[in-house]
$ cat work.csv   # CSV, C-alpha atoms and all ligand atoms
chain,number,residue,atom,x,y,z
A,1,MET,CA,17.5,78.8,97.3
A,2,PRO,CA,18.7,77.1,100.5
A,3,GLN,CA,16.5,78.1,103.6
A,4,SER,CA,19.5,79.4,105.5
A,5,VAL,CA,20.2,82.3,103.0
A,6,PRO,CA,18.5,85.5,104.3
A,7,HIS,CA,16.3,87.0,101.6
A,8,THR,CA,15.2,90.6,101.2
A,9,ASP,CA,13.6,92.8,98.5
A,10,ILE,CA,16.4,95.4,98.2
A,11,VAL,CA,20.1,95.6,99.2
A,12,ILE,CA,21.8,98.9,99.4
A,13,ILE,CA,25.6,98.5,99.2
A,14,GLY,CA,27.4,101.5,100.8
A,15,ALA,CA,26.6,103.8,103.7
A,16,GLY,CA,28.1,107.0,102.5
A,17,PRO,CA,25.9,110.1,102.5
A,18,ILE,CA,24.0,109.0,99.4
A,19,GLY,CA,23.5,105.4,100.6
A,20,LEU,CA,22.1,106.8,103.9
A,21,GLU,CA,19.9,109.3,102.1
A,22,LEU,CA,18.5,106.4,100.1
A,23,ALA,CA,18.0,104.2,103.1
A,24,VAL,CA,15.9,106.9,104.8
A,25,ALA,CA,13.8,107.2,101.6
A,26,LEU,CA,13.2,103.5,101.4
A,27,LYS,CA,12.2,103.3,105.0
A,28,ALA,CA,9.7,106.2,104.5
A,29,ALA,CA,8.3,104.4,101.4
A,30,ASP,CA,8.0,101.2,103.5
A,31,LEU,CA,10.2,99.2,101.2
A,32,GLU,CA,12.0,96.2,102.6
A,33,TYR,CA,15.8,96.5,102.5
A,34,ILE,CA,19.2,95.6,104.0
A,35,GLN,CA,22.1,98.0,104.0
A,36,LEU,CA,25.7,96.7,103.8
A,37,GLU,CA,28.8,98.8,104.4
A,38,ALA,CA,32.4,97.6,104.2
A,39,GLY,CA,33.6,100.0,107.0
A,40,GLN,CA,32.0,102.4,109.3
A,41,ILE,CA,29.3,104.9,108.3
A,42,GLY,CA,30.8,107.6,106.1
A,43,ALA,CA,34.0,105.5,105.7
A,44,THR,CA,35.2,107.5,102.7
A,45,MET,CA,35.4,110.7,104.9
A,46,GLN,CA,37.3,108.7,107.5
A,47,TRP,CA,40.5,108.7,105.5
A,48,TRP,CA,40.4,112.4,104.7
A,49,ALA,CA,43.0,114.5,106.6
A,50,PRO,CA,41.8,115.7,110.0
A,51,GLY,CA,40.1,119.2,109.7
A,52,THR,CA,39.5,118.9,105.9
A,53,LYS,CA,36.6,121.2,105.0
A,54,TYR,CA,33.8,120.6,102.6
A,55,PHE,CA,33.7,122.9,99.6
A,56,SER,CA,29.9,122.9,99.6
A,57,SER,CA,27.8,125.0,102.0
A,58,PRO,CA,26.3,122.8,104.8
A,59,GLU,CA,22.7,123.0,103.5
A,60,ARG,CA,23.8,121.5,100.1
A,61,ILE,CA,25.3,118.4,101.7
A,62,ALA,CA,22.6,117.9,104.3
A,63,ILE,CA,20.6,114.8,103.7
A,64,ALA,CA,17.2,113.3,104.7
A,65,GLY,CA,15.7,116.4,106.1
A,66,VAL,CA,18.2,116.7,109.0
A,67,PRO,CA,19.7,120.1,109.2
A,68,LEU,CA,23.6,120.3,109.2
A,69,ILE,CA,24.4,123.0,111.7
A,70,VAL,CA,28.0,124.1,111.9
A,71,ALA,CA,29.0,126.1,115.0
A,72,ASP,CA,30.7,129.0,113.1
A,73,GLN,CA,28.2,128.9,110.2
A,74,GLU,CA,31.2,128.1,107.9
A,75,LYS,CA,31.8,125.0,105.8
A,76,ALA,CA,31.5,121.7,107.6
A,77,THR,CA,34.7,119.8,108.5
A,78,ARG,CA,35.1,116.1,107.9
A,79,GLU,CA,34.6,115.8,111.7
A,80,ASN,CA,31.4,117.8,111.6
A,81,TYR,CA,30.1,115.7,108.8
A,82,LEU,CA,30.9,112.3,110.3
A,83,ASP,CA,29.1,113.3,113.5
A,84,TYR,CA,26.2,114.6,111.4
A,85,LEU,CA,25.9,111.3,109.5
A,86,LEU,CA,25.7,109.4,112.8
A,87,ALA,CA,23.0,111.8,113.9
A,88,VAL,CA,21.1,111.1,110.7
A,89,VAL,CA,21.4,107.4,111.3
A,90,GLY,CA,20.2,107.8,114.9
A,91,THR,CA,17.4,110.2,114.0
A,92,HIS,CA,16.0,107.8,111.4
A,93,GLN,CA,16.9,104.7,113.3
A,94,LEU,CA,18.7,103.1,110.3
A,95,ASP,CA,19.8,99.5,110.7
A,96,ILE,CA,23.2,99.2,108.9
A,97,GLN,CA,25.4,96.1,108.7
A,98,THR,CA,28.8,97.8,109.0
A,99,TYR,CA,32.2,96.2,108.5
A,100,THR,CA,30.5,93.9,105.9
A,101,ARG,CA,32.1,94.0,102.5
A,102,VAL,CA,30.4,92.7,99.4
A,103,VAL,CA,32.9,90.7,97.4
A,104,ARG,CA,30.7,89.0,94.9
A,105,ILE,CA,27.3,89.3,93.3
A,106,GLU,CA,25.8,86.5,91.2
A,107,GLN,CA,22.5,86.5,89.4
A,108,THR,CA,20.2,83.5,90.3
A,109,SER,CA,16.7,82.4,89.4
A,110,SER,CA,15.4,84.3,92.5
A,111,GLY,CA,17.4,87.5,92.1
A,112,PHE,CA,21.0,88.0,93.2
A,113,ASP,CA,23.2,86.2,95.7
A,114,ILE,CA,25.4,88.7,97.5
A,115,THR,CA,28.5,87.3,99.1
A,116,THR,CA,29.9,89.3,102.0
A,117,VAL,CA,33.0,89.1,104.2
A,118,ARG,CA,34.1,90.9,107.4
A,119,SER,CA,36.2,93.9,106.7
A,120,PHE,CA,37.8,96.4,108.9
A,121,THR,CA,37.7,99.6,106.8
A,122,GLY,CA,35.6,101.0,104.1
A,123,VAL,CA,36.5,100.3,100.5
A,124,GLY,CA,39.2,102.8,99.6
A,125,GLY,CA,41.8,104.8,101.6
A,126,PRO,CA,45.4,104.1,102.5
A,127,ASP,CA,44.7,100.6,104.0
A,128,GLU,CA,42.9,99.3,100.9
A,129,PRO,CA,46.0,97.8,99.1
A,130,ASN,CA,46.7,95.7,102.2
A,131,TYR,CA,43.2,94.3,102.5
A,132,THR,CA,42.8,90.5,101.9
A,133,PRO,CA,39.3,89.1,102.1
A,134,PRO,CA,39.0,86.5,104.9
A,135,PRO,CA,37.9,83.0,103.9
A,136,ASN,CA,34.6,83.0,105.9
A,137,THR,CA,31.7,84.3,103.7
A,138,GLN,CA,28.0,84.9,104.2
A,139,THR,CA,25.3,85.2,101.5
A,140,ILE,CA,22.2,87.4,101.3
A,141,ASN,CA,19.7,87.0,98.5
A,142,ALA,CA,17.9,90.1,97.1
A,143,LYS,CA,15.6,90.8,94.3
A,144,ARG,CA,17.1,94.3,93.6
A,145,ILE,CA,20.3,96.0,94.4
A,146,VAL,CA,21.4,99.6,94.7
A,147,LEU,CA,25.1,100.2,94.4
A,148,ALA,CA,26.0,103.3,96.3
A,149,ILE,CA,29.6,102.4,96.5
A,150,GLY,CA,31.3,105.7,95.8
A,151,ASP,CA,34.2,106.4,93.4
A,152,MET,CA,37.4,107.1,95.4
A,153,HIS,CA,38.7,103.6,96.0
A,154,THR,CA,42.3,103.5,94.8
A,155,PRO,CA,44.8,106.3,94.0
A,156,ARG,CA,45.4,107.3,90.4
A,157,MET,CA,49.0,105.9,90.2
A,158,LEU,CA,51.7,107.8,88.3
A,159,GLY,CA,53.5,104.5,87.6
A,160,ILE,CA,57.0,105.9,88.3
A,161,PRO,CA,60.0,104.3,90.2
A,162,GLY,CA,59.8,105.1,93.9
A,163,GLU,CA,56.1,105.6,94.1
A,164,SER,CA,55.8,103.0,96.8
A,165,LEU,CA,58.6,104.3,99.0
A,166,PRO,CA,57.5,104.9,102.7
A,167,HIS,CA,57.7,108.7,102.5
A,168,VAL,CA,55.5,108.9,99.4
A,169,SER,CA,51.7,108.9,99.8
A,170,HIS,CA,48.6,109.6,97.8
A,171,TYR,CA,46.8,110.6,101.0
A,172,LEU,CA,47.4,113.9,102.9
A,173,GLY,CA,46.9,112.4,106.4
A,174,ASP,CA,47.6,114.5,109.6
A,175,VAL,CA,49.2,117.8,108.6
A,176,HIS,CA,51.2,118.0,111.8
A,177,GLN,CA,53.6,115.3,110.5
A,178,TYR,CA,55.0,117.7,107.9
A,179,ALA,CA,56.2,120.5,110.2
A,180,ASN,CA,59.7,121.6,109.3
A,181,GLN,CA,59.9,119.1,106.5
A,182,ARG,CA,60.5,119.5,102.8
A,183,VAL,CA,57.5,118.3,101.0
A,184,VAL,CA,56.9,118.0,97.3
A,185,ILE,CA,53.2,118.0,96.3
A,186,VAL,CA,52.1,116.8,92.9
A,187,GLY,CA,48.8,117.9,91.5
A,188,GLY,CA,46.8,120.9,90.3
A,189,LYS,CA,43.3,120.5,91.6
A,190,ASN,CA,41.7,121.7,94.8
A,191,SER,CA,43.0,118.9,97.0
A,192,ALA,CA,46.7,119.6,96.0
A,193,VAL,CA,46.2,123.4,96.4
A,194,GLU,CA,44.5,123.1,99.7
A,195,ALA,CA,47.2,120.7,101.0
A,196,ALA,CA,49.9,123.1,99.9
A,197,ILE,CA,48.3,126.0,101.8
A,198,ARG,CA,47.8,123.9,104.9
A,199,LEU,CA,51.3,122.5,104.9
A,200,PHE,CA,52.8,125.9,104.5
A,201,ARG,CA,50.9,127.1,107.5
A,202,ALA,CA,51.9,124.0,109.4
A,203,GLY,CA,55.6,124.9,108.9
A,204,ALA,CA,56.5,122.8,105.9
A,205,GLN,CA,58.7,123.9,103.0
A,206,VAL,CA,56.4,123.2,100.1
A,207,THR,CA,57.2,122.7,96.5
A,208,MET,CA,54.4,122.1,94.0
A,209,SER,CA,54.9,120.3,90.8
A,210,TYR,CA,52.2,120.8,88.2
A,211,ARG,CA,52.1,119.6,84.6
A,212,GLY,CA,50.2,122.7,83.5
A,213,GLU,CA,51.4,126.3,83.2
A,214,LYS,CA,49.3,127.7,86.0
A,215,PHE,CA,46.3,126.8,88.1
A,216,ASP,CA,42.9,127.2,86.4
A,217,PRO,CA,40.9,129.7,88.3
A,218,ASP,CA,37.7,128.1,87.0
A,219,ARG,CA,38.7,124.8,88.6
A,220,ILE,CA,40.1,126.0,91.9
A,221,LYS,CA,37.7,127.1,94.7
A,222,TYR,CA,37.4,130.9,94.7
A,223,TRP,CA,38.7,131.2,98.2
A,224,LEU,CA,41.8,129.0,97.6
A,225,TYR,CA,42.9,130.5,94.3
A,226,PRO,CA,44.0,134.0,95.5
A,227,GLU,CA,45.7,132.4,98.5
A,228,ILE,CA,47.8,130.0,96.5
A,229,GLU,CA,48.6,132.7,93.9
A,230,TYR,CA,49.8,135.0,96.7
A,231,LEU,CA,51.9,132.4,98.4
A,232,ILE,CA,53.6,131.4,95.2
A,233,LYS,CA,54.2,135.1,94.2
A,234,LYS,CA,55.8,135.8,97.6
A,235,ASP,CA,58.0,132.7,97.3
A,236,LYS,CA,56.4,131.1,100.3
A,237,ILE,CA,55.5,128.1,98.2
A,238,LYS,CA,57.7,127.1,95.3
A,239,PHE,CA,55.8,126.3,92.1
A,240,ILE,CA,57.3,124.4,89.2
A,241,PRO,CA,55.0,124.6,86.1
A,242,HIS,CA,55.2,122.2,83.1
A,243,SER,CA,56.7,119.6,85.4
A,244,THR,CA,56.1,115.9,85.8
A,245,LEU,CA,57.9,113.4,88.1
A,246,GLU,CA,60.3,110.9,86.4
A,247,SER,CA,61.2,109.1,89.6
A,248,ILE,CA,61.4,109.4,93.4
A,249,ASN,CA,64.3,108.3,95.6
A,250,GLU,CA,64.8,108.3,99.4
A,251,LYS,CA,66.0,111.9,99.3
A,252,ALA,CA,64.6,113.7,96.3
A,253,VAL,CA,62.2,113.7,93.4
A,254,ILE,CA,63.6,113.9,89.8
A,255,LEU,CA,61.6,116.0,87.4
A,256,ASN,CA,61.2,115.5,83.6
A,257,ASN,CA,63.8,118.2,83.0
A,258,GLY,CA,66.3,116.3,85.1
A,259,GLU,CA,66.1,118.7,88.0
A,260,SER,CA,66.3,117.1,91.4
A,261,ILE,CA,64.2,118.5,94.3
A,262,ASP,CA,65.1,117.5,97.8
A,263,ALA,CA,62.1,116.0,99.6
A,264,ASP,CA,61.5,114.5,103.0
A,265,PHE,CA,57.9,113.6,102.0
A,266,VAL,CA,56.2,113.4,98.6
A,267,LEU,CA,52.4,113.8,98.3
A,268,LEU,CA,50.9,112.6,95.0
A,269,LEU,CA,47.5,114.2,95.1
A,270,THR,CA,46.4,113.3,91.5
A,271,GLY,CA,43.0,111.8,92.2
A,272,TYR,CA,41.4,108.5,92.8
A,273,GLU,CA,39.8,105.7,90.7
A,274,GLN,CA,36.8,103.5,91.2
A,275,ASP,CA,36.9,99.8,92.1
A,276,GLN,CA,34.7,98.5,89.3
A,277,SER,CA,34.9,94.8,90.2
A,278,LEU,CA,31.2,94.6,91.2
A,279,PHE,CA,30.1,96.3,87.9
A,280,GLU,CA,32.3,93.9,85.9
A,281,GLN,CA,31.0,90.8,87.7
A,282,LEU,CA,27.4,91.8,87.0
A,283,GLY,CA,28.0,92.6,83.3
A,284,ILE,CA,27.3,96.3,83.7
A,285,ASN,CA,28.6,98.2,80.7
A,286,LEU,CA,31.3,100.8,81.5
A,287,VAL,CA,31.1,103.8,79.2
A,288,THR,CA,32.9,107.1,78.3
A,289,ASP,CA,36.5,108.0,79.2
A,290,ASP,CA,35.5,107.9,82.9
A,291,ARG,CA,34.3,104.2,82.5
A,292,LYS,CA,31.0,105.0,84.3
A,293,PRO,CA,28.3,102.4,84.6
A,294,GLU,CA,25.6,102.6,81.9
A,295,PHE,CA,22.3,103.5,83.4
A,296,ASN,CA,18.9,104.9,82.6
A,297,LEU,CA,18.8,108.6,83.6
A,298,LYS,CA,15.2,108.5,84.7
A,299,THR,CA,15.4,105.4,86.9
A,300,MET,CA,19.1,105.0,87.7
A,301,GLU,CA,18.7,101.4,86.7
A,302,THR,CA,21.8,100.0,84.9
A,303,ASN,CA,21.8,97.9,81.7
A,304,VAL,CA,21.4,94.9,84.1
A,305,PRO,CA,17.8,94.8,85.1
A,306,ASN,CA,17.2,95.3,88.9
A,307,ILE,CA,20.6,96.7,89.5
A,308,TYR,CA,20.6,100.5,90.3
A,309,VAL,CA,23.4,103.0,90.9
A,310,ALA,CA,23.4,106.0,93.2
A,311,GLY,CA,25.7,108.8,94.2
A,312,THR,CA,29.3,109.1,93.0
A,313,ALA,CA,29.1,105.4,92.1
A,314,THR,CA,27.3,106.6,88.9
A,315,ALA,CA,30.4,108.5,87.8
A,316,GLY,CA,33.1,105.9,87.2
A,317,SER,CA,36.6,107.2,87.7
A,318,GLN,CA,36.0,110.9,87.2
A,319,ILE,CA,38.6,112.8,85.2
A,320,ARG,CA,36.8,116.1,85.8
A,321,THR,CA,34.6,115.9,88.9
A,322,LYS,CA,30.9,116.5,88.1
A,323,VAL,CA,29.2,114.1,90.4
A,324,PHE,CA,29.4,114.6,94.2
A,325,ILE,CA,27.0,114.8,97.1
A,326,GLU,CA,25.4,118.1,96.0
A,327,THR,CA,24.5,116.7,92.6
A,328,SER,CA,23.5,113.3,93.7
A,329,HIS,CA,20.5,114.0,95.9
A,330,ILE,CA,18.3,113.8,92.9
A,331,HIS,CA,19.2,110.1,92.4
A,332,ILE,CA,17.2,109.2,95.5
A,333,ASP,CA,13.8,110.2,94.1
A,334,ARG,CA,14.4,108.5,90.8
A,335,ILE,CA,15.4,105.2,92.4
A,336,VAL,CA,12.6,105.1,94.9
A,337,ALA,CA,10.1,105.9,92.2
A,338,ALA,CA,11.6,103.2,89.9
A,339,LEU,CA,11.5,100.6,92.8
A,340,GLN,CA,7.8,101.5,93.2
A,341,ASN,CA,7.1,101.3,89.5
A,342,ARG,CA,6.5,105.0,89.4
A,343,VAL,CA,8.2,107.6,87.2
A,344,SER,CA,10.1,110.2,89.1
A,345,ASP,CA,9.3,113.8,88.1
A,346,ALA,CA,12.8,114.9,89.3
A,347,ALA,CA,14.4,116.8,86.4
A,348,PRO,CA,17.6,115.7,84.9
A,349,GLU,CA,20.6,117.6,86.1
A,350,ASP,CA,22.2,120.0,83.7
A,351,TYR,CA,25.5,118.1,83.6
A,352,TRP,CA,23.7,115.0,82.3
A,353,LEU,CA,21.8,117.1,79.7
A,354,GLU,CA,25.2,118.4,78.5
A,355,GLU,CA,26.6,114.9,78.2
A,356,SER,CA,23.6,113.0,76.8
A,401,LIG,C1,38.6,116.4,100.1
A,401,LIG,C2,37.2,116.2,99.5
A,401,LIG,C3,36.3,117.2,99.6
A,401,LIG,C4,35.0,117.0,99.1
A,401,LIG,N1,34.1,118.0,99.3
A,401,LIG,C5,32.9,117.9,98.8
A,401,LIG,C6,31.9,118.9,98.9
A,401,LIG,O1,32.2,120.0,99.4
A,401,LIG,N2,30.7,118.8,98.4
A,401,LIG,C7,30.3,117.6,97.8
A,401,LIG,O2,29.1,117.4,97.4
A,401,LIG,N3,31.2,116.5,97.7
A,401,LIG,C8,32.4,116.7,98.2
A,401,LIG,N4,33.3,115.7,98.0
A,401,LIG,C9,32.9,114.5,97.4
A,401,LIG,C10,32.0,113.7,98.4
A,401,LIG,O3,32.3,113.9,99.7
A,401,LIG,C11,32.2,112.3,98.2
A,401,LIG,O4,32.1,112.1,96.9
A,401,LIG,C12,31.1,111.5,99.0
A,401,LIG,O5,31.6,110.7,100.0
A,401,LIG,C13,30.2,110.8,98.0
A,401,LIG,O6,29.2,110.1,98.7
A,401,LIG,P1,28.7,108.7,98.2
A,401,LIG,O7,27.7,108.3,99.2
A,401,LIG,O8,28.3,108.7,96.8
A,401,LIG,O9,30.0,107.7,98.3
A,401,LIG,P2,30.9,107.4,99.5
A,401,LIG,O10,30.8,108.4,100.6
A,401,LIG,O11,32.3,107.1,98.9
A,401,LIG,O12,30.3,106.1,100.1
A,401,LIG,C14,30.4,104.8,99.5
A,401,LIG,C15,30.5,103.8,100.5
A,401,LIG,O13,30.4,102.5,99.9
A,401,LIG,C16,31.2,101.6,100.6
A,401,LIG,N5,31.5,100.5,99.8
A,401,LIG,C17,32.1,100.5,98.6
A,401,LIG,N6,32.2,99.3,98.0
A,401,LIG,C18,31.6,98.4,98.9
A,401,LIG,C19,31.5,97.0,98.9
A,401,LIG,N7,31.9,96.3,98.0
A,401,LIG,N8,30.8,96.5,100.0
A,401,LIG,C20,30.3,97.3,101.0
A,401,LIG,N9,30.5,98.6,101.0
A,401,LIG,C21,31.1,99.2,100.0
A,401,LIG,C22,32.4,102.4,101.0
A,401,LIG,O14,33.1,101.8,102.1
A,401,LIG,C23,31.8,103.8,101.3
A,401,LIG,O15,31.5,103.9,102.7
A,401,LIG,C24,34.6,115.8,98.5
A,401,LIG,C25,35.6,114.8,98.4
A,401,LIG,C26,36.9,115.0,98.9
A,401,LIG,C27,37.9,113.9,98.7

$ encode --input "work.csv" --output "structure tokens" --more "lines below"
Ligand SMILES: Cc1cc2nc3c(=O)[nH]c(=O)nc-3n(C[C@H](O)[C@H](O)[C@H](O)COP(=O)(O)OP(=O)(O)OC[C@H]3O[C@@H](n4cnc5c(N)ncnc54)[C@H](O)[C@@H]3O)c2cc1C
Amino acid sequence: MPQSVPHTDIVIIGAGPIGLELAVALKAADLEYIQLEAGQIGATMQWWAPGTKYFSSPERIAIAGVPLIVADQEKATRENYLDYLLAVVGTHQLDIQTYTRVVRIEQTSSGFDITTVRSFTGVGGPDEPNYTPPPNTQTINAKRIVLAIGDMHTPRMLGIPGESLPHVSHYLGDVHQYANQRVVIVGGKNSAVEAAIRLFRAGAQVTMSYRGEKFDPDRIKYWLYPEIEYLIKKDKIKFIPHSTLESINEKAVILNNGESIDADFVLLLTGYEQDQSLFEQLGINLVTDDRKPEFNLKTMETNVPNIYVAGTATAGSQIRTKVFIETSHIHIDRIVAALQNRVSDAAPEDYWLEES
């Protein structure tokens, strides 16, 4: 290995909530590590619409022993949580190399060579398709790597004509822009339902297109479900069941039954997929319909020795969301134990038991 290449024991890739929680634990365990993040701390939350609220209670998404206190004792907003993550970083004096994107990992005789480039956003979000890695690269060598890279990197595309028109987006963005506009929202999960309610209140004329017959009360948050049902029943929001989009043009969307719905904006809130390029480069097996990385449940080590996964990175492109912050805290203890050649006594989560 050339002398100029910095070397460390462990590299954490990603500084979302779970990457940060892991960093605090590694520091407490006195393990040597470097943390790399493509954007700013909590970059995934940065592209959420302003004012978006977490579904989980604050205490369930708090990390590293730092209380998440919200002024009205309600659910935290994206803004609350971004501030909170900075407070965690400050409290624990974490040293994070932000705006540093990992583009390549190669196995060497001394571990792994990790190639990084400067980047200006986290991986994922509306700017991601326009990102081109700059030519200047840097390399870090590490014995072990934890991929805490998240799972919401690119939108799940519908693959229909007009999907890339400028008034069509897979991201809600600032709700204010939709006031007095005709907006068609596609999707049937929490994000689509929440967007419809918010847009209605912001003065938009909302039409929802959903491929199912009606929203599933077991899959929509219990405080959103009655609200959307009420707004649809009272014709405040137009709901078109059993519908899919055939195409989008400058003025309207065309449904599978040939119906044309006028639209000034179209929001395709149909979920996101994981960028799996690092897994593929490393030879990590991608399994199940979600194409999640193969890993040992007790240690979080993948089928490639010394490569670990944490947080939503473990989940692949989730078709039905089971892995999120709340259910990922347990990964930390397993990884720290494995890195110290101990066995974690953290119990497997029920969802894993169901699937394994
Ligand atoms: C609207 C919405 C509401 C949600 N509400 C909740 C909730 O109430 N409760 C809950 O538990 N979860 C919730 N989630 C899910 C949860 O917030 C996210 O899943 C959370 O961000 C996951 O944390 P993470 O640390 O695993 O991944 P992320 O926060 O996605 O962090 C991954 C980080 O890795 C970085 N990265 C990726 N690739 C690279 C690379 N190659 N090089 C360098 N850095 C890289 C990214 O830039 C990113 O910052 C919600 C999600 C959404 C969209």

$ residues_around --input "work.csv" --residues "Ile307 in chain A" --least-positions-apart "2" --cutoff "9 Å" --atoms "all atoms listed in the file" --output "PyMOL selection string"
chain A and resi 144-147+282+284+300-305+309

$ atom_distance --input "work.csv" --atom1 "CA of Ile237 in chain A" --atom2 "CA of Asp218 in chain A"
21.0 Å

$ atom_distance --input "work.csv" --atom1 "CA of Gln276 in chain A" --atom2 "CA of Gln138 in chain A"
21.3 Å

$ residues_around --input "work.csv" --residues "Leu86 in chain A" --least-positions-apart "2" --cutoff "12 Å" --atoms "only C-alpha atoms" --output "compact mmCIF listing (two decimals) with C-alpha atoms, in the coordinates of the input"
# COMPACT_ATOMS: atom_id res chain seq x y z
CA ALA A 15 26.60 103.80 103.70
CA GLY A 16 28.10 107.00 102.50
CA PRO A 17 25.90 110.10 102.50
CA LEU A 20 22.10 106.80 103.90
CA GLN A 40 32.00 102.40 109.30
CA ILE A 41 29.30 104.90 108.30
CA GLY A 42 30.80 107.60 106.10
CA ALA A 43 34.00 105.50 105.70
CA ILE A 63 20.60 114.80 103.70
CA VAL A 66 18.20 116.70 109.00
CA LEU A 68 23.60 120.30 109.20
CA GLU A 79 34.60 115.80 111.70
CA ASN A 80 31.40 117.80 111.60
CA TYR A 81 30.10 115.70 108.80
CA LEU A 82 30.90 112.30 110.30
CA ASP A 83 29.10 113.30 113.50
CA TYR A 84 26.20 114.60 111.40
CA VAL A 88 21.10 111.10 110.70
CA VAL A 89 21.40 107.40 111.30
CA GLY A 90 20.20 107.80 114.90
CA THR A 91 17.40 110.20 114.00
CA HIS A 92 16.00 107.80 111.40
CA GLN A 93 16.90 104.70 113.30
CA LEU A 94 18.70 103.10 110.30
CA ASP A 95 19.80 99.50 110.70
CA ILE A 96 23.20 99.20 108.90

$ closest_residue --input "work.csv" --among "A:Met157, A:Val123, A:Ile185, A:Ile325" --to "Arg211 in chain A" --atoms "all atoms listed in the file"
A:Ile185

$ residues_near_ligand --input "work.csv" --ligand "ligand LIG 401 (chain A)" --cutoff "8 Å" --atoms "all atoms listed in the file" --output "PyMOL selection string"
chain A and resi 13-20+36-45+48+52-57+60-61+99-103+116+121-124+147-153+191+275+278+310-313+323-328

$ write_last_selection --input "work.csv" --atoms "C-alpha atoms" --output "tab-separated table (two decimals), in the frame of the given file"
chain	number	residue	atom	x	y	z
A	13	ILE	CA	25.60	98.50	99.20
A	14	GLY	CA	27.40	101.50	100.80
A	15	ALA	CA	26.60	103.80	103.70
A	16	GLY	CA	28.10	107.00	102.50
A	17	PRO	CA	25.90	110.10	102.50
A	18	ILE	CA	24.00	109.00	99.40
A	19	GLY	CA	23.50	105.40	100.60
A	20	LEU	CA	22.10	106.80	103.90
A	36	LEU	CA	25.70	96.70	103.80
A	37	GLU	CA	28.80	98.80	104.40
A	38	ALA	CA	32.40	97.60	104.20
A	39	GLY	CA	33.60	100.00	107.00
A	40	GLN	CA	32.00	102.40	109.30
A	41	ILE	CA	29.30	104.90	108.30
A	42	GLY	CA	30.80	107.60	106.10
A	43	ALA	CA	34.00	105.50	105.70
A	44	THR	CA	35.20	107.50	102.70
A	45	MET	CA	35.40	110.70	104.90
A	48	TRP	CA	40.40	112.40	104.70
A	52	THR	CA	39.50	118.90	105.90
A	53	LYS	CA	36.60	121.20	105.00
A	54	TYR	CA	33.80	120.60	102.60
A	55	PHE	CA	33.70	122.90	99.60
A	56	SER	CA	29.90	122.90	99.60
A	57	SER	CA	27.80	125.00	102.00
A	60	ARG	CA	23.80	121.50	100.10
A	61	ILE	CA	25.30	118.40	101.70
A	99	TYR	CA	32.20	96.20	108.50
A	100	THR	CA	30.50	93.90	105.90
A	101	ARG	CA	32.10	94.00	102.50
A	102	VAL	CA	30.40	92.70	99.40
A	103	VAL	CA	32.90	90.70	97.40
A	116	THR	CA	29.90	89.30	102.00
A	121	THR	CA	37.70	99.60	106.80
A	122	GLY	CA	35.60	101.00	104.10
A	123	VAL	CA	36.50	100.30	100.50
A	124	GLY	CA	39.20	102.80	99.60
A	147	LEU	CA	25.10	100.20	94.40
A	148	ALA	CA	26.00	103.30	96.30
A	149	ILE	CA	29.60	102.40	96.50
A	150	GLY	CA	31.30	105.70	95.80
A	151	ASP	CA	34.20	106.40	93.40
A	152	MET	CA	37.40	107.10	95.40
A	153	HIS	CA	38.70	103.60	96.00
A	191	SER	CA	43.00	118.90	97.00
A	275	ASP	CA	36.90	99.80	92.10
A	278	LEU	CA	31.20	94.60	91.20
A	310	ALA	CA	23.40	106.00	93.20
A	311	GLY	CA	25.70	108.80	94.20
A	312	THR	CA	29.30	109.10	93.00
A	313	ALA	CA	29.10	105.40	92.10
A	323	VAL	CA	29.20	114.10	90.40
A	324	PHE	CA	29.40	114.60	94.20
A	325	ILE	CA	27.00	114.80	97.10
A	326	GLU	CA	25.40	118.10	96.00
A	327	THR	CA	24.50	116.70	92.60
A	328	SER	CA	23.50	113.30	93.70

$ closest_residue --input "work.csv" --among "A:Leu245, A:Asp345, A:Leu297, A:Ser277" --to "Gly162 in chain A" --atoms "all atoms listed in the file"
A:Leu245

$ atom_distance --input "work.csv" --atom1 "CA of Asp174 in chain A" --atom2 "CA of Thr207 in chain A"
18.2 Å

$ closest_residue --input "work.csv" --among "A:Ser247, A:Thr139, A:Ser169, A:Ser317" --to "Asp113 in chain A" --atoms "all atoms listed in the file"
A:Thr139

$ residues_near_point --input "work.csv" --point "(46.7, 108.3, 101.4)" --cutoff "10 Å" --atoms "all atoms listed in the file" --output "list in words"
Trp47, Trp48, Ala49, Gly124, Gly125, Pro126, Asp127, Glu128, Thr154, Pro155, Val168, Ser169, His170, Tyr171, Leu172, Gly173, Leu267, Leu268 and Leu269 of chain A

$ closest_residue --input "work.csv" --among "A:Gly316, A:Gly51, A:Pro166, A:Pro226" --to "Ala76 in chain A" --atoms "all atoms listed in the file"
A:Gly51

$ closest_residue --input "work.csv" --among "A:Ile197, A:Leu85, A:Phe265, A:Glu59" --to "Glu163 in chain A" --atoms "all atoms listed in the file"
A:Phe265

$ residues_around --input "work.csv" --residues "His7 in chain A" --least-positions-apart "5" --cutoff "8 Å" --atoms "all atoms listed in the file" --output "ChimeraX atom specification"
/A:140-142

$ closest_residue --input "work.csv" --among "A:Ile69, A:Ile10, A:Ala25, A:Val5" --to "His331 in chain A" --atoms "all atoms listed in the file"
A:Ala25

$ residues_around --input "work.csv" --residues "Gln177 in chain A" --least-positions-apart "5" --cutoff "12 Å" --atoms "all atoms listed in the file" --output "ChimeraX atom specification"
/A:49-50,167,172,182-183,198-199,202-204,264-265
